[in-house]
Amino acid sequence: MESPNLDPNPNPKSSPSSGGCGHGAELLCGANARELLDSVDAFLFDCDGVIWKGDKLIDGVPETLDMLRSKGKKLIFVTNNSTKSRNQYANKFRSLGISVTQDEIFSSSFAAAMYLKVNHFPPHKKVYVIGGEGIVEELQLSGYTALGGPEDGEKKVQWKSNCWFEFDKNVGAVVVGLDPEINYYKLQYGTLCIRENPGCLFIATNRDSVGHMTDLQEWPGAGCMVGAICGSTGLEPIVVGKPSTFMMEFLLQKFHISTSRMCMVGDRLDTDILFGQNAGCKTLLVLSGVTTESLLNDSSNSIHPDYYTSKVSDILKLLEE
């Protein structure tokens, strides 16, 4: 699903206006924040634009997470950013002073490996990766041979007379995610595998159009890389990240919490909020990332969260009032 047109101002207001209704979305306040807290057993958090921007924590996040844990709430982090594995994400949390275990993290890189596993992808088949080390690591942990990824980041192609591009005929899946080293070599390799290897799967970690890869700007997301392969193959991918509920199936198996007792907290309408709605969760939109209040209230927007607020730490502030 493609992202709607974004507000030209990438920096949302420090606090949402009381007049914005979000077509039914409630502005978070003391009363409904307490109701929300009492009604759920688990909070699912997106990371980019919600917990951090790039390598910079968003103000008040550690204190808010500590408060929710003290109230007995389960915290789960569900990210579409495939550049890191679960272990690498746990290390990032730790470097930012937040204690999160690998078992509390569900990344789209992990989802790609799990999709192959549950669908009995033949272990002798290889997987070509257009993406980062996170995908490669999760595939290897699941017992698969991964090709491409960062290793192909500096490879080039030349159009010469009688040129023939070699590719592995034993590649049975191409996984495409966020790739800051995307190049023509990778696009050709992935395209040939999908078009010419019988039964080769085309898997996308996600289709986010942009994301906060740094704290100051939005950058092109995995949707750009996925779109390139869609264009060259004429095919649509199997999407394993949000808003697909594929990751939710693993959450339910692991934590045994009803989705009606979960709240999805995210900054994107077309991934985070739609993911929560598709699964039957309560939803809270924060305006600290991609979505602005004007986009939420735009008449063209058809995705409306249950609640919205400026940032995660508002939960703590409102409960203390």
# chains A, B, ... in the order shown; residues from 1 in each chain; ligands from 1
>>> closest_atom_pairs(of="segment 232-295 of chain A", to="segment 81-95 of chain A", cutoff="12 Å", atoms="only C-alpha atoms", output="JSON lines")
{"residue": "A:Val240", "atom": "CA", "partner": "A:Ser82", "partner_atom": "CA", "distance": 10.9}
{"residue": "A:Gly241", "atom": "CA", "partner": "A:Asn81", "partner_atom": "CA", "distance": 8.9}
{"residue": "A:Lys242", "atom": "CA", "partner": "A:Asn81", "partner_atom": "CA", "distance": 10.2}
{"residue": "A:Thr271", "atom": "CA", "partner": "A:Asn81", "partner_atom": "CA", "distance": 11.7}
>>> write_last_selection(atoms="N, CA and C atoms", output="PDB file, in the first residue's frame")
ATOM      1  N   VAL A 240       5.593  -8.793   4.030  1.00  0.00           N
ATOM      2  CA  VAL A 240       5.561  -9.444   5.342  1.00  0.00           C
ATOM      3  C   VAL A 240       5.538  -8.455   6.505  1.00  0.00           C
ATOM      4  N   GLY A 241       5.883  -7.198   6.248  1.00  0.00           N
ATOM      5  CA  GLY A 241       5.857  -6.183   7.302  1.00  0.00           C
ATOM      6  C   GLY A 241       4.496  -5.522   7.403  1.00  0.00           C
ATOM      7  N   LYS A 242       4.402  -4.528   8.294  1.00  0.00           N
ATOM      8  CA  LYS A 242       3.147  -3.792   8.445  1.00  0.00           C
ATOM      9  C   LYS A 242       2.767  -3.101   7.131  1.00  0.00           C
ATOM     10  N   THR A 271       0.768   2.148   7.626  1.00  0.00           N
ATOM     11  CA  THR A 271       1.453   0.933   8.072  1.00  0.00           C
ATOM     12  C   THR A 271       1.078   0.630   9.519  1.00  0.00           C
TER      13      THR A 271
END
>>> select_by_dssp(residues="segment 7-203 of chain A", states="strand (DSSP E or B)", output="ChimeraX atom specification")
/A:26-27,42-45,48,52-53,56-57,74-79,105-107,126-130,145-148,171-176,201-203
>>> write_last_selection(atoms="N, CA and C atoms", output="tab-separated table (two decimals), in the first residue's frame")
chain	number	residue	atom	x	y	z
A	26	GLU	N	-9.71	10.49	18.74
A	26	GLU	CA	-9.77	11.31	19.94
A	26	GLU	C	-8.38	11.82	20.29
A	27	LEU	N	-8.29	13.11	20.57
A	27	LEU	CA	-7.05	13.66	21.09
A	27	LEU	C	-6.82	13.08	22.48
A	42	ALA	N	-0.97	-4.91	26.60
A	42	ALA	CA	0.28	-4.81	25.84
A	42	ALA	C	0.26	-3.58	24.95
A	43	PHE	N	1.41	-2.93	24.85
A	43	PHE	CA	1.59	-1.83	23.92
A	43	PHE	C	2.60	-2.26	22.86
A	44	LEU	N	2.22	-2.11	21.60
A	44	LEU	CA	3.08	-2.41	20.46
A	44	LEU	C	3.59	-1.09	19.92
A	45	PHE	N	4.89	-0.93	19.89
A	45	PHE	CA	5.48	0.33	19.45
A	45	PHE	C	6.23	0.15	18.13
A	48	ASP	N	11.06	3.83	14.41
A	48	ASP	CA	11.44	5.06	13.71
A	48	ASP	C	10.32	6.09	13.79
A	52	TRP	N	12.64	6.69	18.36
A	52	TRP	CA	13.81	7.48	17.99
A	52	TRP	C	13.66	8.03	16.58
A	53	LYS	N	14.54	8.95	16.25
A	53	LYS	CA	14.73	9.42	14.88
A	53	LYS	C	16.21	9.24	14.59
A	56	LYS	N	18.85	9.19	17.53
A	56	LYS	CA	18.51	10.12	18.60
A	56	LYS	C	17.16	9.75	19.20
A	57	LEU	N	17.16	9.50	20.52
A	57	LEU	CA	15.92	9.19	21.22
A	57	LEU	C	14.98	10.39	21.19
A	74	LYS	N	2.92	-5.31	28.95
A	74	LYS	CA	3.89	-5.94	28.06
A	74	LYS	C	4.25	-4.95	26.97
A	75	LEU	N	5.53	-4.79	26.69
A	75	LEU	CA	5.99	-3.90	25.64
A	75	LEU	C	6.61	-4.71	24.51
A	76	ILE	N	6.17	-4.43	23.29
A	76	ILE	CA	6.64	-5.15	22.11
A	76	ILE	C	6.97	-4.10	21.04
A	77	PHE	N	8.07	-4.30	20.37
A	77	PHE	CA	8.53	-3.32	19.39
A	77	PHE	C	8.46	-3.96	18.00
A	78	VAL	N	7.62	-3.37	17.14
A	78	VAL	CA	7.31	-3.94	15.83
A	78	VAL	C	7.75	-2.93	14.77
A	79	THR	N	8.87	-3.20	14.11
A	79	THR	CA	9.43	-2.22	13.18
A	79	THR	C	9.51	-2.76	11.75
A	105	ILE	N	11.32	-7.85	20.30
A	105	ILE	CA	11.49	-7.14	19.04
A	105	ILE	C	11.02	-8.00	17.88
A	106	PHE	N	10.17	-7.42	17.04
A	106	PHE	CA	9.71	-8.09	15.83
A	106	PHE	C	9.98	-7.15	14.66
A	107	SER	N	11.03	-7.47	13.90
A	107	SER	CA	11.43	-6.63	12.76
A	107	SER	C	10.98	-7.28	11.46
A	126	LYS	N	18.62	-20.87	-2.39
A	126	LYS	CA	19.26	-19.65	-1.89
A	126	LYS	C	18.30	-18.46	-1.95
A	127	VAL	N	18.68	-17.43	-1.21
A	127	VAL	CA	17.86	-16.21	-1.16
A	127	VAL	C	18.74	-15.03	-1.56
A	128	TYR	N	18.30	-14.25	-2.55
A	128	TYR	CA	19.03	-13.04	-2.93
A	128	TYR	C	18.42	-11.86	-2.19
A	129	VAL	N	19.29	-11.04	-1.59
A	129	VAL	CA	18.85	-9.93	-0.74
A	129	VAL	C	19.18	-8.59	-1.38
A	130	ILE	N	18.15	-7.79	-1.58
A	130	ILE	CA	18.33	-6.37	-1.88
A	130	ILE	C	17.95	-5.66	-0.58
A	145	THR	N	20.88	-19.81	2.99
A	145	THR	CA	22.03	-19.20	2.36
A	145	THR	C	21.59	-17.90	1.70
A	146	ALA	N	22.16	-16.79	2.16
A	146	ALA	CA	21.80	-15.48	1.63
A	146	ALA	C	22.90	-14.95	0.72
A	147	LEU	N	22.50	-14.46	-0.43
A	147	LEU	CA	23.42	-13.82	-1.38
A	147	LEU	C	23.08	-12.34	-1.45
A	148	GLY	N	24.01	-11.55	-1.96
A	148	GLY	CA	23.73	-10.14	-2.17
A	148	GLY	C	23.86	-9.34	-0.90
A	171	VAL	N	18.65	-19.64	-6.85
A	171	VAL	CA	17.96	-18.67	-6.00
A	171	VAL	C	16.46	-18.92	-6.11
A	172	GLY	N	15.83	-19.18	-4.96
A	172	GLY	CA	14.40	-19.46	-4.96
A	172	GLY	C	13.55	-18.35	-4.37
A	173	ALA	N	14.20	-17.28	-3.88
A	173	ALA	CA	13.47	-16.14	-3.33
A	173	ALA	C	14.34	-14.90	-3.39
A	174	VAL	N	13.71	-13.78	-3.67
A	174	VAL	CA	14.38	-12.47	-3.61
A	174	VAL	C	13.67	-11.66	-2.54
A	175	VAL	N	14.42	-11.21	-1.53
A	175	VAL	CA	13.86	-10.40	-0.45
A	175	VAL	C	14.34	-8.96	-0.64
A	176	VAL	N	13.40	-8.03	-0.72
A	176	VAL	CA	13.73	-6.62	-0.95
A	176	VAL	C	13.32	-5.80	0.27
A	201	LEU	N	10.25	-16.64	-5.41
A	201	LEU	CA	9.37	-15.74	-4.66
A	201	LEU	C	9.92	-14.32	-4.66
A	202	PHE	N	9.01	-13.36	-4.69
A	202	PHE	CA	9.35	-11.93	-4.58
A	202	PHE	C	8.74	-11.45	-3.26
A	203	ILE	N	9.61	-11.22	-2.26
A	203	ILE	CA	9.17	-10.86	-0.92
A	203	ILE	C	9.65	-9.45	-0.58
>>> residues_around(residues="Lys71 of chain A", least_positions_apart="4", cutoff="10 Å", atoms="only C-alpha atoms", output="PyMOL selection string")
chain A and resi 37-38+41+65-67
>>> residues_around(residues="Leu252 of chain A", least_positions_apart="3", cutoff="12 Å", atoms="only C-alpha atoms", output="PyMOL selection string")
chain A and resi 42+76+245-249+255-262+279+281
>>> write_last_selection(atoms="C-alpha atoms", output="compact mmCIF listing (two decimals), in the first residue's frame")
# COMPACT_ATOMS: atom_id res chain seq x y z
CA ALA A 42 0.28 -4.81 25.84
CA ILE A 76 6.64 -5.15 22.11
CA THR A 245 -0.78 -9.05 9.83
CA PHE A 246 1.84 -11.75 9.24
CA MET A 247 3.95 -10.56 12.20
CA MET A 248 0.85 -10.45 14.40
CA GLU A 249 0.45 -14.21 14.02
CA PHE A 255 2.47 -13.80 24.08
CA HIS A 256 -1.08 -15.22 24.10
CA ILE A 257 -2.68 -11.79 24.49
CA SER A 258 -5.93 -11.00 22.70
CA THR A 259 -5.52 -8.29 20.06
CA SER A 260 -8.44 -6.46 21.69
CA ARG A 261 -6.15 -6.03 24.72
CA MET A 262 -3.32 -4.54 22.63
CA ALA A 279 -5.50 -7.08 13.69
CA CYS A 281 -6.00 -3.64 18.22
>>> closest_residue(among="A:Leu285, A:Cys224, A:Cys263, A:Ala112", to="Glu35 of chain A", atoms="only C-alpha atoms")
A:Cys263
>>> residues_around(residues="segment 298-303 of chain A", least_positions_apart="2", cutoff="7 Å", atoms="only C-alpha atoms", output="list of chain:residue names")
A:Leu269, A:Leu274, A:Ser294, A:Leu295, A:Leu296, A:Pro305
>>> residues_around(residues="segment 154-168 of chain A", least_positions_apart="5", cutoff="9 Å", atoms="only C-alpha atoms", output="PyMOL selection string")
chain A and resi 126+181+183-186+188-190+192-193+197
>>> select_by_dssp(residues="segment 61-264 of chain A", states="helix (DSSP H, G or I)", output="ChimeraX atom specification")
/A:61-70,86-95,102-104,108-118,133-141,149-152,184-196,222-233,246-255,259-261
>>> residues_around(residues="Pro243 of chain A", least_positions_apart="3", cutoff="8 Å", atoms="only C-alpha atoms", output="MDAnalysis selection string")
chainID A and resid 270:276 278
>>> atom_distance(atom1="atom CA of Leu28 of chain A", atom2="atom CA of Gln277 of chain A")
17.9 Å
>>> closest_residue(among="A:Gly30, A:Gly72, A:Gly177, A:Gly199", to="Thr309 of chain A", atoms="only C-alpha atoms")
A:Gly30
>>> atom_distance(atom1="atom CA of Val136 of chain A", atom2="atom CA of Gln217 of chain A")
26.7 Å
>>> atom_distance(atom1="atom CA of Asn80 of chain A", atom2="atom CA of Thr205 of chain A")
6.9 Å
>>> closest_residue(among="A:Thr214, A:Gln140, A:Asn32, A:Asn170", to="Pro198 of chain A", atoms="only C-alpha atoms")
A:Asn170
>>> decode(residues="segment 116-137 of chain A", atoms="N, CA, C and O atoms", output="compact mmCIF listing (two decimals), in the first residue's frame")
# COMPACT_ATOMS: atom_id res chain seq x y z
N LEU A 116 9.56 -17.51 5.06
CA LEU A 116 10.15 -18.65 4.35
C LEU A 116 10.06 -19.92 5.18
O LEU A 116 9.75 -21.00 4.66
N LYS A 117 10.31 -19.79 6.47
CA LYS A 117 10.30 -20.95 7.35
C LYS A 117 8.91 -21.60 7.43
O LYS A 117 8.77 -22.81 7.27
N VAL A 118 7.89 -20.80 7.67
CA VAL A 118 6.54 -21.37 7.85
C VAL A 118 5.96 -21.87 6.53
O VAL A 118 5.04 -22.70 6.54
N ASN A 119 6.49 -21.39 5.43
CA ASN A 119 6.02 -21.86 4.13
C ASN A 119 6.94 -22.92 3.54
O ASN A 119 6.87 -23.22 2.34
N HIS A 120 7.80 -23.49 4.40
CA HIS A 120 8.63 -24.64 4.05
C HIS A 120 9.50 -24.38 2.82
O HIS A 120 9.59 -25.21 1.91
N PHE A 121 10.14 -23.20 2.80
CA PHE A 121 11.07 -22.88 1.74
C PHE A 121 12.21 -23.89 1.76
O PHE A 121 12.81 -24.13 2.82
N PRO A 122 12.52 -24.51 0.63
CA PRO A 122 13.55 -25.58 0.62
C PRO A 122 14.90 -25.06 1.11
O PRO A 122 15.41 -24.05 0.59
N PRO A 123 15.50 -25.72 2.10
CA PRO A 123 16.77 -25.23 2.66
C PRO A 123 17.93 -25.25 1.68
O PRO A 123 18.92 -24.55 1.88
N HIS A 124 17.81 -26.03 0.60
CA HIS A 124 18.90 -26.05 -0.39
C HIS A 124 18.81 -24.89 -1.36
O HIS A 124 19.75 -24.61 -2.11
N LYS A 125 17.67 -24.19 -1.35
CA LYS A 125 17.51 -23.02 -2.22
C LYS A 125 18.16 -21.80 -1.57
O LYS A 125 18.23 -21.67 -0.34
N LYS A 126 18.62 -20.87 -2.39
CA LYS A 126 19.26 -19.65 -1.89
C LYS A 126 18.30 -18.46 -1.95
O LYS A 126 17.28 -18.50 -2.65
N VAL A 127 18.68 -17.43 -1.21
CA VAL A 127 17.86 -16.21 -1.16
C VAL A 127 18.74 -15.03 -1.56
O VAL A 127 19.81 -14.81 -0.97
N TYR A 128 18.30 -14.25 -2.55
CA TYR A 128 19.03 -13.04 -2.93
C TYR A 128 18.42 -11.86 -2.19
O TYR A 128 17.21 -11.68 -2.16
N VAL A 129 19.29 -11.04 -1.59
CA VAL A 129 18.85 -9.93 -0.74
C VAL A 129 19.18 -8.59 -1.38
O VAL A 129 20.34 -8.31 -1.72
N ILE A 130 18.15 -7.79 -1.58
CA ILE A 130 18.33 -6.37 -1.88
C ILE A 130 17.95 -5.66 -0.58
O ILE A 130 16.77 -5.47 -0.28
N GLY A 131 18.95 -5.34 0.21
CA GLY A 131 18.68 -4.82 1.54
C GLY A 131 19.93 -4.86 2.39
O GLY A 131 21.03 -5.07 1.88
N GLY A 132 19.74 -4.70 3.69
CA GLY A 132 20.87 -4.57 4.59
C GLY A 132 21.25 -5.84 5.32
O GLY A 132 20.69 -6.92 5.09
N GLU A 133 22.18 -5.69 6.23
CA GLU A 133 22.73 -6.81 6.99
C GLU A 133 21.67 -7.48 7.86
O GLU A 133 21.77 -8.67 8.15
N GLY A 134 20.67 -6.72 8.28
CA GLY A 134 19.62 -7.29 9.12
C GLY A 134 18.91 -8.46 8.47
O GLY A 134 18.65 -9.49 9.11
N ILE A 135 18.59 -8.33 7.19
CA ILE A 135 17.92 -9.41 6.46
C ILE A 135 18.86 -10.60 6.33
O ILE A 135 18.47 -11.75 6.56
N VAL A 136 20.10 -10.33 5.94
CA VAL A 136 21.09 -11.39 5.76
C VAL A 136 21.26 -12.18 7.05
O VAL A 136 21.25 -13.42 7.05
N GLU A 137 21.39 -11.49 8.17
CA GLU A 137 21.62 -12.16 9.46
C GLU A 137 20.42 -13.02 9.86
O GLU A 137 20.59 -14.16 10.31
